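Everything below belongs to data_28.cif, which stores mmCIF, C-alpha atoms.
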data_start
#
loop_
_atom_site.label_atom_id
_atom_site.label_comp_id
_atom_site.auth_asym_id
_atom_site.auth_seq_id
_atom_site.Cartn_x
_atom_site.Cartn_y
_atom_site.Cartn_z
CA MET A 25 50.38 -79.98 26.55
CA LYS A 26 49.06 -80.02 30.07
CA ARG A 27 47.10 -83.19 30.68
CA PHE A 28 44.74 -84.10 33.49
CA VAL A 29 44.53 -87.51 35.21
CA LEU A 30 41.53 -89.49 33.98
CA SER A 31 39.60 -92.02 36.01
CA LEU A 32 38.25 -95.16 34.34
CA PHE A 33 34.77 -93.67 34.56
CA SER A 34 36.04 -90.50 32.90
CA MET A 35 37.69 -92.44 30.08
CA LEU A 36 34.48 -94.33 29.36
CA LEU A 37 32.49 -91.10 29.43
CA MET A 38 34.90 -89.41 27.05
CA THR A 39 34.86 -92.35 24.65
CA THR A 40 31.07 -92.14 24.53
CA VAL A 41 31.10 -88.40 23.88
CA LEU A 42 33.73 -88.66 21.14
CA LEU A 43 31.35 -90.77 19.05
CA GLY A 44 29.51 -88.04 17.21
CA GLN A 45 30.53 -85.53 19.84
CA GLU A 46 29.10 -82.40 18.17
CA SER A 47 25.61 -83.90 18.05
CA LEU A 48 25.88 -85.22 21.58
CA ILE A 49 27.06 -81.87 22.92
CA TYR A 50 24.23 -80.08 21.13
CA ASP A 51 21.72 -82.57 22.55
CA GLU A 52 23.05 -81.92 26.07
CA LEU A 53 23.73 -78.17 26.15
CA ASP A 54 22.04 -74.96 25.09
CA VAL A 55 24.85 -72.42 24.80
CA LYS A 56 23.32 -68.96 25.02
CA HIS A 57 26.24 -66.52 25.22
CA HIS A 58 30.04 -66.35 25.00
CA SER A 59 32.00 -63.57 26.69
CA LEU A 60 35.43 -64.05 25.12
CA VAL A 61 38.60 -62.21 26.19
CA MET A 62 41.65 -62.92 24.05
CA ASN A 63 45.22 -61.64 23.93
CA ILE A 64 46.54 -61.72 20.35
CA THR A 65 49.95 -60.07 20.72
CA ASP A 66 52.43 -62.97 20.47
CA PHE A 67 53.35 -62.76 16.79
CA GLN A 68 56.73 -64.38 17.51
CA GLY A 69 55.56 -67.42 19.48
CA LYS A 70 52.11 -67.54 17.84
CA ASN A 71 50.32 -68.22 21.13
CA ILE A 72 46.83 -67.02 21.89
CA TYR A 73 45.67 -66.46 25.48
CA GLY A 74 41.94 -66.81 25.95
CA LYS A 75 39.30 -66.69 28.66
CA ASP A 76 35.77 -67.62 27.67
CA LYS A 77 32.82 -67.20 30.02
CA ILE A 78 30.05 -69.33 28.55
CA THR A 79 26.45 -69.03 29.67
CA LEU A 80 24.65 -72.30 29.05
CA SER A 81 21.78 -74.45 30.28
CA SER A 82 21.05 -78.16 30.38
CA LYS A 83 18.77 -79.89 27.91
CA GLN A 84 18.86 -83.02 30.03
CA LYS A 85 16.87 -83.82 33.15
CA ARG A 86 20.13 -84.19 35.09
CA LEU A 87 23.40 -83.26 33.41
CA ASN A 88 26.45 -84.66 35.22
CA SER A 89 29.15 -83.22 32.95
CA ILE A 90 29.69 -80.41 30.50
CA SER A 91 31.63 -81.09 27.30
CA LEU A 92 32.94 -78.67 24.68
CA ASN A 93 35.27 -78.94 21.70
CA LEU A 94 38.71 -77.34 22.02
CA LEU A 95 41.52 -78.29 19.68
CA HIS A 96 45.17 -78.70 20.78
CA LEU A 97 45.30 -75.90 23.34
CA GLN A 98 46.37 -75.95 26.97
CA VAL A 99 43.61 -75.59 29.56
CA ASP A 100 44.73 -73.47 32.52
CA SER A 101 41.60 -73.37 34.69
CA VAL A 102 37.88 -74.08 34.65
CA TRP A 103 35.25 -72.42 36.83
CA VAL A 104 31.59 -73.38 37.12
CA GLY A 105 29.80 -70.40 38.56
CA LYS A 106 32.09 -69.18 41.38
CA ASN A 107 33.66 -72.58 41.99
CA LEU A 108 37.11 -73.49 40.70
CA ILE A 109 37.03 -77.07 39.38
CA SER A 110 39.79 -79.34 40.61
CA SER A 111 42.04 -80.95 38.01
CA ASP A 112 40.81 -84.48 38.81
CA ARG A 113 37.36 -83.47 37.57
CA ILE A 114 38.62 -82.10 34.27
CA GLN A 115 39.26 -84.27 31.21
CA TYR A 116 41.02 -82.99 28.12
CA ASN A 117 42.48 -85.07 25.31
CA ASP A 118 43.48 -82.16 23.01
CA THR A 119 40.11 -82.39 21.26
CA LEU A 120 37.32 -82.68 23.80
CA LEU A 121 37.15 -80.85 27.13
CA THR A 122 34.81 -82.45 29.68
CA VAL A 123 34.07 -81.06 33.15
CA LEU A 124 32.56 -83.42 35.74
CA LEU A 125 30.11 -81.36 37.78
CA ASN A 126 30.08 -81.42 41.57
CA LYS A 127 26.30 -81.18 41.41
CA PRO A 128 24.08 -82.25 38.47
CA LEU A 129 22.67 -79.44 36.36
CA LYS A 130 18.89 -79.64 36.05
CA ARG A 131 17.01 -79.12 32.79
CA GLY A 132 16.72 -75.42 31.90
CA LYS A 133 19.04 -74.35 34.72
CA GLU A 134 21.59 -71.75 33.56
CA VAL A 135 25.19 -71.68 34.68
CA ASP A 136 28.36 -69.80 33.69
CA VAL A 137 31.37 -71.93 32.77
CA THR A 138 34.63 -69.98 32.52
CA ILE A 139 37.57 -71.60 30.72
CA SER A 140 41.06 -70.07 30.61
CA TYR A 141 43.48 -71.52 28.06
CA HIS A 142 46.44 -70.73 25.84
CA GLY A 143 48.64 -72.20 23.13
CA VAL A 144 49.42 -72.23 19.43
CA PRO A 145 46.10 -72.70 17.60
CA VAL A 146 45.62 -75.15 14.75
CA SER A 147 45.94 -73.58 11.30
CA ARG A 148 44.80 -74.98 7.98
CA SER A 149 45.18 -73.69 4.42
CA PHE A 150 41.51 -72.71 4.84
CA GLY A 151 40.34 -72.98 8.42
CA GLY A 152 41.57 -72.51 11.95
CA PHE A 153 43.60 -69.58 13.29
CA SER A 154 46.56 -68.32 11.26
CA TRP A 155 49.42 -65.91 12.00
CA PHE A 156 51.31 -63.88 9.37
CA GLU A 157 54.06 -62.35 11.46
CA ASP A 158 55.93 -60.72 8.56
CA GLN A 159 52.77 -58.73 7.70
CA ARG A 160 51.70 -58.36 11.36
CA MET A 161 48.33 -59.93 10.59
CA ALA A 162 46.32 -62.79 12.10
CA HIS A 163 42.82 -64.14 11.56
CA ASN A 164 40.61 -67.20 11.88
CA MET A 165 38.44 -68.94 9.33
CA GLY A 166 35.36 -70.50 10.92
CA VAL A 167 35.16 -73.41 8.49
CA SER A 168 37.89 -75.91 7.66
CA ILE A 169 37.23 -77.19 4.16
CA ASN A 170 39.17 -80.44 4.53
CA ASP A 171 38.14 -81.37 8.09
CA VAL A 172 34.99 -83.27 9.00
CA PRO A 173 32.97 -81.87 10.64
CA HIS A 174 33.74 -78.58 8.91
CA SER A 175 32.80 -76.12 11.67
CA PHE A 176 36.15 -75.11 13.16
CA ALA A 177 35.63 -72.60 15.96
CA LYS A 178 37.27 -75.14 18.28
CA ALA A 179 40.64 -74.09 16.87
CA TRP A 180 40.57 -70.92 18.97
CA TYR A 181 37.81 -71.07 21.61
CA PRO A 182 35.65 -73.71 23.38
CA ALA A 183 32.70 -74.46 21.08
CA VAL A 184 29.87 -76.84 20.32
CA ASP A 185 30.73 -76.58 16.59
CA ASP A 186 27.32 -77.73 15.46
CA PHE A 187 25.41 -75.73 12.83
CA ARG A 188 22.33 -75.87 15.07
CA SER A 189 23.98 -74.23 18.08
CA LYS A 190 23.53 -70.44 17.99
CA ALA A 191 24.58 -67.92 20.62
CA THR A 192 25.23 -64.22 21.16
CA TYR A 193 28.75 -62.94 21.82
CA ASP A 194 30.78 -60.15 23.33
CA PHE A 195 34.49 -60.00 22.59
CA THR A 196 37.48 -58.25 24.13
CA TYR A 197 40.62 -58.42 22.01
CA ILE A 198 44.04 -57.22 23.22
CA VAL A 199 46.43 -56.54 20.32
CA PRO A 200 49.67 -54.61 19.71
CA GLY A 201 49.16 -50.85 19.92
CA ASP A 202 49.75 -50.25 16.22
CA LEU A 203 47.19 -52.84 15.08
CA VAL A 204 43.40 -53.13 14.89
CA ALA A 205 41.17 -56.06 15.90
CA VAL A 206 38.03 -56.42 13.77
CA GLY A 207 35.25 -58.69 15.03
CA ASN A 208 31.59 -59.59 14.70
CA GLY A 209 28.86 -57.10 15.41
CA LEU A 210 29.40 -53.54 16.60
CA LEU A 211 32.56 -51.94 17.98
CA THR A 212 31.81 -50.64 21.48
CA GLU A 213 35.30 -49.66 22.67
CA GLU A 214 38.76 -48.92 21.33
CA SER A 215 41.26 -47.92 24.01
CA LEU A 216 45.02 -47.69 24.52
CA LEU A 217 46.20 -49.59 27.59
CA PRO A 218 49.07 -48.49 29.90
CA ASN A 219 51.40 -51.20 28.57
CA GLY A 220 51.05 -49.88 25.01
CA THR A 221 48.63 -52.53 23.75
CA LYS A 222 45.15 -51.73 22.46
CA ARG A 223 41.82 -53.13 23.59
CA PHE A 224 38.93 -53.57 21.18
CA LYS A 225 35.46 -54.60 22.36
CA TRP A 226 32.86 -55.97 19.96
CA PHE A 227 29.34 -57.20 20.61
CA ILE A 228 26.80 -59.10 18.52
CA ASP A 229 23.36 -59.61 20.03
CA ASP A 230 22.06 -61.71 17.14
CA PRO A 231 22.40 -65.49 17.66
CA ILE A 232 24.97 -66.96 15.27
CA PRO A 233 26.54 -70.43 14.97
CA ASP A 234 30.17 -71.01 15.98
CA TYR A 235 31.48 -71.22 12.43
CA LEU A 236 30.46 -67.60 11.72
CA VAL A 237 32.52 -66.14 14.59
CA ASN A 238 35.58 -64.21 13.44
CA VAL A 239 38.45 -61.97 14.39
CA ALA A 240 41.03 -60.38 12.12
CA VAL A 241 44.05 -58.45 13.41
CA GLY A 242 46.21 -56.20 11.27
CA PRO A 243 47.18 -52.63 10.37
CA TYR A 244 43.65 -51.90 9.20
CA VAL A 245 41.95 -48.68 8.16
CA LYS A 246 38.19 -48.45 7.67
CA ILE A 247 36.18 -47.43 4.62
CA SER A 248 32.63 -46.44 5.59
CA MET A 249 29.63 -46.86 3.30
CA SER A 250 25.93 -47.33 3.87
CA GLU A 251 22.67 -48.39 2.26
CA GLY A 252 19.70 -46.74 3.90
CA ASN A 253 20.14 -47.22 7.65
CA LEU A 254 22.57 -50.11 7.26
CA PRO A 255 26.25 -49.20 7.82
CA ILE A 256 28.78 -50.99 5.64
CA ASP A 257 32.35 -51.16 6.99
CA ILE A 258 35.29 -52.28 4.86
CA TYR A 259 38.55 -52.91 6.75
CA VAL A 260 41.63 -52.96 4.54
CA THR A 261 45.34 -52.28 4.86
CA PRO A 262 46.49 -48.74 3.97
CA ASN A 263 47.98 -49.72 0.61
CA GLU A 264 44.65 -51.32 -0.38
CA TYR A 265 42.55 -48.26 0.46
CA GLN A 266 42.11 -46.60 -2.95
CA SER A 267 41.49 -49.80 -4.91
CA ALA A 268 39.12 -51.08 -2.21
CA LYS A 269 36.95 -47.96 -2.42
CA GLU A 270 36.32 -48.68 -6.09
CA THR A 271 36.07 -52.45 -5.69
CA PHE A 272 33.48 -52.38 -2.90
CA SER A 273 31.48 -49.49 -4.38
CA VAL A 274 29.00 -52.08 -5.73
CA ILE A 275 28.10 -53.39 -2.26
CA PRO A 276 25.46 -50.77 -1.30
CA ALA A 277 23.59 -51.58 -4.51
CA ALA A 278 23.90 -55.31 -3.77
CA VAL A 279 22.38 -54.68 -0.33
CA ARG A 280 19.57 -52.72 -1.97
CA SER A 281 18.87 -55.60 -4.36
CA MET A 282 18.80 -58.20 -1.61
CA GLN A 283 16.60 -56.13 0.68
CA MET A 284 14.20 -55.42 -2.16
CA HIS A 285 13.75 -59.13 -2.88
CA PHE A 286 14.18 -60.81 0.51
CA GLY A 287 13.61 -58.25 3.24
CA PRO A 288 15.88 -56.22 5.53
CA CYS A 289 19.36 -57.40 6.42
CA ALA A 290 19.12 -59.27 9.72
CA PHE A 291 22.24 -57.68 11.20
CA ASP A 292 23.18 -54.24 12.55
CA ARG A 293 25.88 -53.75 9.95
CA ALA A 294 27.48 -55.34 6.91
CA GLY A 295 31.23 -55.69 6.97
CA TYR A 296 34.30 -56.99 5.16
CA VAL A 297 37.92 -57.43 6.19
CA THR A 298 40.78 -58.36 3.85
CA VAL A 299 42.83 -61.34 5.01
CA ASN A 300 45.58 -63.62 3.72
CA SER A 301 43.27 -66.30 2.36
CA PRO A 302 44.80 -68.39 -0.43
CA SER A 303 41.60 -70.10 -1.47
CA GLY A 304 38.44 -68.06 -1.10
CA ALA A 305 36.32 -65.95 1.21
CA MET A 306 34.16 -66.69 4.25
CA GLU A 307 30.79 -65.22 5.26
CA HIS A 308 31.55 -64.53 8.94
CA ALA A 309 28.52 -62.68 10.31
CA THR A 310 28.96 -58.89 9.80
CA ASN A 311 32.69 -59.42 9.17
CA ILE A 312 33.21 -61.22 5.85
CA SER A 313 36.79 -62.43 5.34
CA ILE A 314 37.88 -61.80 1.78
CA GLY A 315 41.19 -61.99 -0.07
CA ARG A 316 43.85 -59.31 0.06
CA ASN A 317 44.54 -56.79 -2.73
CA PRO A 318 40.95 -56.10 -3.82
CA LYS A 319 40.53 -55.17 -7.46
CA PRO A 320 37.34 -54.07 -9.27
CA THR A 321 37.23 -57.18 -11.44
CA HIS A 322 34.03 -59.09 -12.09
CA SER A 323 35.45 -62.12 -10.27
CA TYR A 324 36.39 -60.28 -7.07
CA GLN A 325 33.18 -58.26 -6.95
CA GLU A 326 31.02 -61.32 -7.58
CA THR A 327 32.81 -63.07 -4.70
CA ALA A 328 32.08 -60.07 -2.46
CA ILE A 329 28.42 -60.14 -3.52
CA HIS A 330 28.21 -63.90 -2.95
CA GLU A 331 29.43 -63.54 0.62
CA LEU A 332 27.03 -60.65 1.27
CA ILE A 333 24.08 -62.78 0.10
CA HIS A 334 24.92 -65.24 2.87
CA TYR A 335 23.64 -62.65 5.35
CA TRP A 336 20.20 -63.88 4.23
CA PHE A 337 20.98 -67.45 3.15
CA GLY A 338 23.41 -68.97 5.66
CA ASP A 339 24.02 -66.39 8.39
CA ASP A 340 20.34 -65.64 9.08
CA VAL A 341 18.77 -68.90 7.90
CA THR A 342 21.40 -71.59 8.53
CA CYS A 343 21.34 -75.08 7.07
CA MET A 344 20.54 -77.74 9.65
CA THR A 345 23.32 -80.12 8.61
CA ALA A 346 26.24 -80.29 6.19
CA GLY A 347 23.95 -82.42 4.01
CA ASP A 348 21.69 -79.39 3.57
CA MET A 349 24.57 -77.11 2.51
CA TRP A 350 23.04 -76.49 -0.91
CA LEU A 351 20.48 -74.31 0.92
CA THR A 352 23.40 -72.06 1.87
CA GLU A 353 25.86 -72.30 -1.01
CA GLY A 354 23.67 -73.32 -3.94
CA ILE A 355 20.94 -70.74 -3.33
CA THR A 356 23.54 -68.04 -2.64
CA SER A 357 25.42 -68.86 -5.83
CA TYR A 358 22.23 -68.41 -7.81
CA MET A 359 21.25 -65.17 -6.09
CA VAL A 360 24.40 -63.52 -7.46
CA GLU A 361 22.65 -63.86 -10.81
CA VAL A 362 19.58 -62.10 -9.38
CA VAL A 363 21.71 -59.22 -8.06
CA LEU A 364 23.46 -58.89 -11.43
CA GLU A 365 20.04 -58.73 -13.14
CA ASP A 366 19.26 -55.69 -10.99
CA PHE A 367 22.68 -54.19 -11.71
CA VAL A 368 21.95 -54.41 -15.46
CA LYS A 369 18.55 -52.75 -14.96
CA TRP A 370 20.14 -49.99 -12.89
CA GLY A 371 22.98 -49.39 -15.34
CA LEU A 372 25.63 -50.70 -12.92
CA ALA A 373 26.71 -53.70 -15.02
CA GLU A 374 26.82 -54.73 -18.64
CA GLU A 375 24.61 -57.49 -20.00
CA SER A 376 27.78 -59.35 -20.94
CA GLN A 377 28.72 -59.77 -17.26
CA LEU A 378 25.31 -61.25 -16.46
CA ASP A 379 25.54 -63.57 -19.47
CA ALA A 380 29.01 -64.72 -18.45
CA TYR A 381 27.84 -65.53 -14.92
CA ARG A 382 24.79 -67.41 -16.20
CA ASN A 383 26.97 -69.39 -18.57
CA SER A 384 29.40 -70.27 -15.78
CA ILE A 385 26.54 -71.85 -13.82
CA ASP A 386 25.33 -73.74 -16.88
CA ARG A 387 28.78 -75.09 -17.70
CA SER A 388 29.96 -76.06 -14.24
CA ALA A 389 26.61 -77.59 -13.21
CA LYS A 390 27.24 -80.37 -15.72
CA TYR A 391 30.60 -81.47 -14.37
CA ILE A 392 31.83 -83.16 -11.22
CA ASN A 393 34.41 -81.29 -9.18
CA LYS A 394 37.74 -83.15 -8.83
CA GLY A 395 37.08 -83.62 -5.13
CA ASP A 396 33.55 -84.97 -5.57
CA LYS A 397 33.05 -88.73 -5.33
CA GLY A 398 30.54 -88.98 -8.16
CA TYR A 399 27.08 -87.56 -8.72
CA HIS A 400 24.80 -87.54 -5.70
CA PRO A 401 21.56 -85.88 -4.58
CA LEU A 402 21.80 -82.25 -3.48
CA ALA A 403 20.01 -83.14 -0.25
CA GLY A 404 22.22 -85.35 1.86
CA THR A 405 25.48 -84.51 0.12
CA PRO A 406 28.27 -86.48 1.86
CA GLU A 407 30.51 -84.32 4.05
CA SER A 408 33.53 -85.07 1.86
CA ASP A 409 31.73 -83.13 -0.91
CA THR A 410 30.11 -80.37 1.20
CA TYR A 411 32.08 -77.66 -0.57
CA GLY A 412 32.22 -79.29 -3.99
CA MET A 413 31.05 -78.06 -7.37
CA GLN A 414 27.72 -79.86 -7.18
CA VAL A 415 26.59 -78.03 -4.03
CA TYR A 416 27.55 -74.61 -5.38
CA ARG A 417 26.91 -74.77 -9.11
CA ARG A 418 24.35 -77.53 -9.49
CA GLY A 419 22.61 -76.04 -6.45
CA ALA A 420 22.54 -72.70 -8.28
CA TYR A 421 21.30 -74.33 -11.47
CA VAL A 422 18.46 -76.08 -9.63
CA THR A 423 17.50 -72.85 -7.82
CA ARG A 424 17.19 -71.16 -11.21
CA GLN A 425 15.01 -74.04 -12.42
CA LEU A 426 12.86 -73.61 -9.32
CA ARG A 427 12.37 -69.94 -10.20
CA GLN A 428 11.34 -70.89 -13.74
CA TYR A 429 9.01 -73.59 -12.42
CA LEU A 430 7.24 -71.23 -10.00
CA GLY A 431 7.47 -67.97 -11.95
CA ASP A 432 8.99 -64.79 -10.55
CA GLU A 433 6.10 -63.68 -8.34
CA LEU A 434 5.71 -66.97 -6.49
CA PHE A 435 9.46 -67.63 -6.37
CA PHE A 436 10.44 -64.34 -4.77
CA ASP A 437 7.44 -64.32 -2.45
CA GLY A 438 8.24 -67.87 -1.38
CA MET A 439 11.93 -67.15 -0.78
CA ARG A 440 11.14 -64.02 1.20
CA LYS A 441 8.66 -65.88 3.42
CA TYR A 442 11.21 -68.69 3.88
CA VAL A 443 13.77 -66.19 5.23
CA GLN A 444 11.14 -64.68 7.52
CA GLN A 445 9.94 -68.07 8.80
CA PHE A 446 13.43 -69.33 9.68
CA HIS A 447 14.87 -66.03 10.90
CA PHE A 448 17.95 -66.91 13.02
CA LYS A 449 16.91 -70.56 12.87
CA ASN A 450 18.08 -73.67 11.05
CA ALA A 451 16.34 -75.31 8.11
CA THR A 452 16.47 -78.68 6.38
CA THR A 453 15.74 -79.28 2.71
CA GLU A 454 12.33 -80.58 3.74
CA ASP A 455 11.73 -77.39 5.77
CA PHE A 456 12.56 -75.35 2.68
CA LYS A 457 10.18 -77.40 0.54
CA GLY A 458 7.39 -77.11 3.11
CA SER A 459 7.82 -73.36 3.47
CA LEU A 460 7.66 -72.83 -0.31
CA GLU A 461 4.62 -75.07 -0.66
CA LYS A 462 2.76 -73.21 2.07
CA THR A 463 3.50 -69.80 0.55
CA THR A 464 2.99 -70.67 -3.11
CA GLY A 465 0.20 -73.22 -2.78
CA LYS A 466 2.14 -75.52 -5.12
CA ASP A 467 2.89 -79.20 -4.56
CA LEU A 468 6.66 -79.37 -5.15
CA THR A 469 7.04 -83.11 -4.55
CA SER A 470 7.82 -84.02 -8.15
CA PHE A 471 10.26 -81.13 -8.57
CA PHE A 472 12.20 -81.96 -5.39
CA ASP A 473 12.17 -85.69 -6.15
CA GLU A 474 13.63 -85.14 -9.60
CA HIS A 475 16.14 -82.34 -8.96
CA ILE A 476 17.08 -82.45 -5.28
CA TYR A 477 16.39 -85.83 -3.65
CA ASN A 478 17.47 -88.05 -6.57
#
For the file at hand, write its structure as C-alpha cells.
Amino acid sequence: MKRFVLSLFSMLLMTTVLLGQESLIYDELDVKHHSLVMNITDFQGKNIYGKDKITLSSKQKRLNSISLNLLHLQVDSVWVGKNLISSDRIQYNDTLLTVLLNKPLKRGKEVDVTISYHGVPVSRSFGGFSWFEDQRMAHNMGVSINDVPHSFAKAWYPAVDDFRSKATYDFTYIVPGDLVAVGNGLLTEESLLPNGTKRFKWFIDDPIPDYLVNVAVGPYVKISMSEGNLPIDIYVTPNEYQSAKETFSVIPAAVRSMQMHFGPCAFDRAGYVTVNSPSGAMEHATNISIGRNPKPTHSYQETAIHELIHYWFGDDVTCMTAGDMWLTEGITSYMVEVVLEDFVKWGLAEESQLDAYRNSIDRSAKYINKGDKGYHPLAGTPESDTYGMQVYRRGAYVTRQLRQYLGDELFFDGMRKYVQQFHFKNATTEDFKGSLEKTTGKDLTSFFDEHIYN
C-alpha cells in the first residue's frame, strides 16, 4: 500500500476522527453527489481502478479537513476543485482518508473532491466487493453482516457509510466487451470502446444511502416486465433465463399490492440481478442482488418479494441507526404476509402458502437466533444482533400485532402516511410512533412500551 507521511497534528486529527468516524464524518459533511468511474476488467489480478468526483458541502462553520472512509485501497491522487493536493496534506491509514484543506471550507459552501484509487477490494462472505473469475462475474454487497458498522460501501469507493447520508449518483463502468455492468437507476449509455471493452453509464437521481449502491458484472441478459408505468428489469445469466421468467412472474403483482397499500414506488424502475451470494439477498436501490439459479419455489419468490418491499421500507424510508433496523427488516418481513394475502385474493397463491408464512413468523418470533446475545428490545438492538432473528421475525410479529391493535383501516392509512412523511428521509422508532399517532389519533405509548421499547 502507498502510504503518506503524517505530521503529529495529522496523527492527532486522525485519531480523533477514528473514534466514531462515521458519525463524525456525517456531522461534518453533506455529500450531495458521487460521479464514479470504475474499471472492472482485471479478473486475473482482481484490482479495481476508480475515480470518484464527490460534490459535498460543509456542515461546520469552518471545515479544515475532509474525511471519508476507504478500506484497504491505494490512493493515487486527490483534487479539491481544480487543485491537486500534495501528498503531505493527505492522510490514509487503509481505513480513513483525510485531506487537509489549503483553505477552510465555510458552512454550506460546495466543493468537488476527486479521488483516484486502485487495488484489490475487501471481500466478505456477505459484504464488500467479490470477484468470481471462473464465472466471469463480480459484484458488491453494500452491507457486511459481520462488520460493525455494517454499511460497507467503503470497500469499493470513498464513502461516509452512515445510514443518514444520502446522495445521488452517476456511474461509468468499464468492463470486458463480452460482459454487462448493471447498476443503480437508469441505463443511459452502452457503448463498445476502441480497445474492445464496453462502457455502461447509469444514473440515479433519487438520494440513497451508501449501503444501497451496487454494481454487478457478468454475462447478463435482461428480462423486461412492468407494472403500470413502472419498468421491472431482471438481469440473469443466459442459462437462468427460462426459469427466471417463471420465478419472477409474481413481481408485477407484488408491485401492484405494495402500491395499492403504500403508494407509488419511489424509484424510476424496479430491478433484480442474480449474483453469487451464499447467504441471502440485498435490497440495493433499483438493483436487488439475489441468489443465482432462480427457481419458482415459495422460498425464493418470498425472498424476491421481501427485497422488493424494501423499496418502500428501507430504500425510501431508511432507518436512522442500526438500532432502528426493525423498521426496515421487521416491517418488511411482515409485509410479505400482506402481499401474500393479496395473492390469495387474486388467485395467485394458495391459502396454504399464506398459512405457512404466517406460521413461520409465529414460530421463529419465539426463539433467539444463535447469533443473538439474549432477548432485547426491538428499538436499540445492539449492532452485533442487527441482522438477527429478533429484528426480522419478532419485528414482523410485532408489526402484525400493531395491525390487529389499530385495525386494518387505521394501520394501512398510518403506514402509507409514514412512507409519505419520511420520503427519502431517515426515521427513528420514535419518529415512526409519532407519525402513526398523528395519523390514527391513537396514543400508542403503552403498545410501544410493551412490545418495542421493553
For the atom pair CA of Glu433 (chain A) and CA of Glu361 (chain A), what is the interatomic distance in Å to one decimal place?
-> 16.7 Å
Fewer than 4 positions away in the same chain doesn't count, so skip those; otherwise give me all residues within 9 Å of region 446-460 of chain A, counting all atoms listed in the file, as a PyMOL selection string.
-> chain A and resi 187-188+190+230-232+290+336+338-345+347-348+350-351+403-404+434-435+437-439+441-442+464-466+468-469+472+476
Residues matched by the PyMOL selection byres ((chain A and resi 234-239) around 10) as a VMD selection string | chain A and resid 151 153 162 to 168 174 to 178 181 to 193 195 197 205 to 209 226 228 231 to 233 240 to 241 297 306 to 313 338 to 339
Using all atoms listed in the file, what does the table of region 42-143 of chain A residues within 12 Å of region 242-264 of chain A look like, with each row giving the shortest atom pair and its distance in Å to one decimal, sorted by chain and ascending number, as a Markdown table?
| residue | atom | partner | partner_atom | distance |
| --- | --- | --- | --- | --- |
| A:Ile64 | CA | A:Gly242 | CA | 10.6 |
| A:Thr65 | CA | A:Gly242 | CA | 10.9 |
| A:Phe67 | CA | A:Gly242 | CA | 11.2 |
For region 406-415 of chain A, list every protein, DNA or RNA residue within 12 Å, evaluated using all atoms listed in the file, and leave out those in the same chain fewer than 5 positions away; present the list as number ranges by chain.
-> A: 150, 167-175, 304, 343, 345-358, 384-401, 420-423, 475-476
Rounded to one decimal place, report the CA of Leu211 (chain A)-CA of Lys225 (chain A) distance in Å.
-> 5.9 Å
Using the chain letters and numbers from the file, which residues does the PyMOL selection byres ((chain A and resi 367-380) around 12) grab, as JSON, numbers by chain?
-> {"A": [273, 274, 275, 276, 277, 278, 279, 280, 281, 282, 321, 322, 323, 325, 326, 329, 358, 359, 360, 361, 362, 363, 364, 365, 366, 381, 382, 383, 384, 385, 386, 387]}
Distance criterion (only C-alpha atoms): nearest to Tyr477 (chain A) out of A:Phe436, A:Asn300, A:Gly419, A:Thr463 |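 Residue with the minimum atom-to-atom distance to Tyr477 (chain A): A:Gly419.
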So how many Å separate CA of Asp76 (chain A) and CA of Ser301 (chain A), to one decimal?
->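 Taking CA of Asp76 (chain A) and CA of Ser301 (chain A), their separation equals 26.4 Å.
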Can you list, as a list in words, the residues that the PyMOL selection byres ((chain A and resi 63) around 9) selects here?
->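 Evaluating the PyMOL selection byres ((chain A and resi 63) around 9) on this file yields Val61, Met62, Ile64, Thr65, Asp66, Asn71, Ile72, Tyr73, Gly74, Thr196, Tyr197, Ile198 and Val199 of chain A.
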Within 9 Å of Ile109 (chain A), counting all atoms listed in the file, which residues qualify if same-chain residues fewer than 3 places away don't, as a PyMOL selection string?
-> chain A and resi 101-104+112-114+123-126
Listed atoms of region 239-243 of chain A boxed along x, y and z, 4 Å each side, centre and edge lengths in Å, one decimal, as AutoDock Vina command-line options:
--center_x 42.8 --center_y -57.3 --center_z 12.4 --size_x 16.7 --size_y 17.3 --size_z 12.0
Surrounding residues of Ile314 (chain A) excluding itself and chain neighbours under 6 positions, 6 Å, all atoms listed in the file, as a PyMOL selection string = chain A and resi 298-299+305
Using only C-alpha atoms, please write the residues we just selected to a file, as an mmCIF file, keeping the file's coordinate frame.
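Wrote out_11.cif, looks like this:
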data_model
loop_
_atom_site.group_PDB
_atom_site.id
_atom_site.type_symbol
_atom_site.label_atom_id
_atom_site.label_comp_id
_atom_site.auth_asym_id
_atom_site.auth_seq_id
_atom_site.Cartn_x
_atom_site.Cartn_y
_atom_site.Cartn_z
ATOM 1 C CA THR A 298 40.780 -58.360 3.850
ATOM 2 C CA VAL A 299 42.830 -61.340 5.010
ATOM 3 C CA ALA A 305 36.320 -65.950 1.210
#
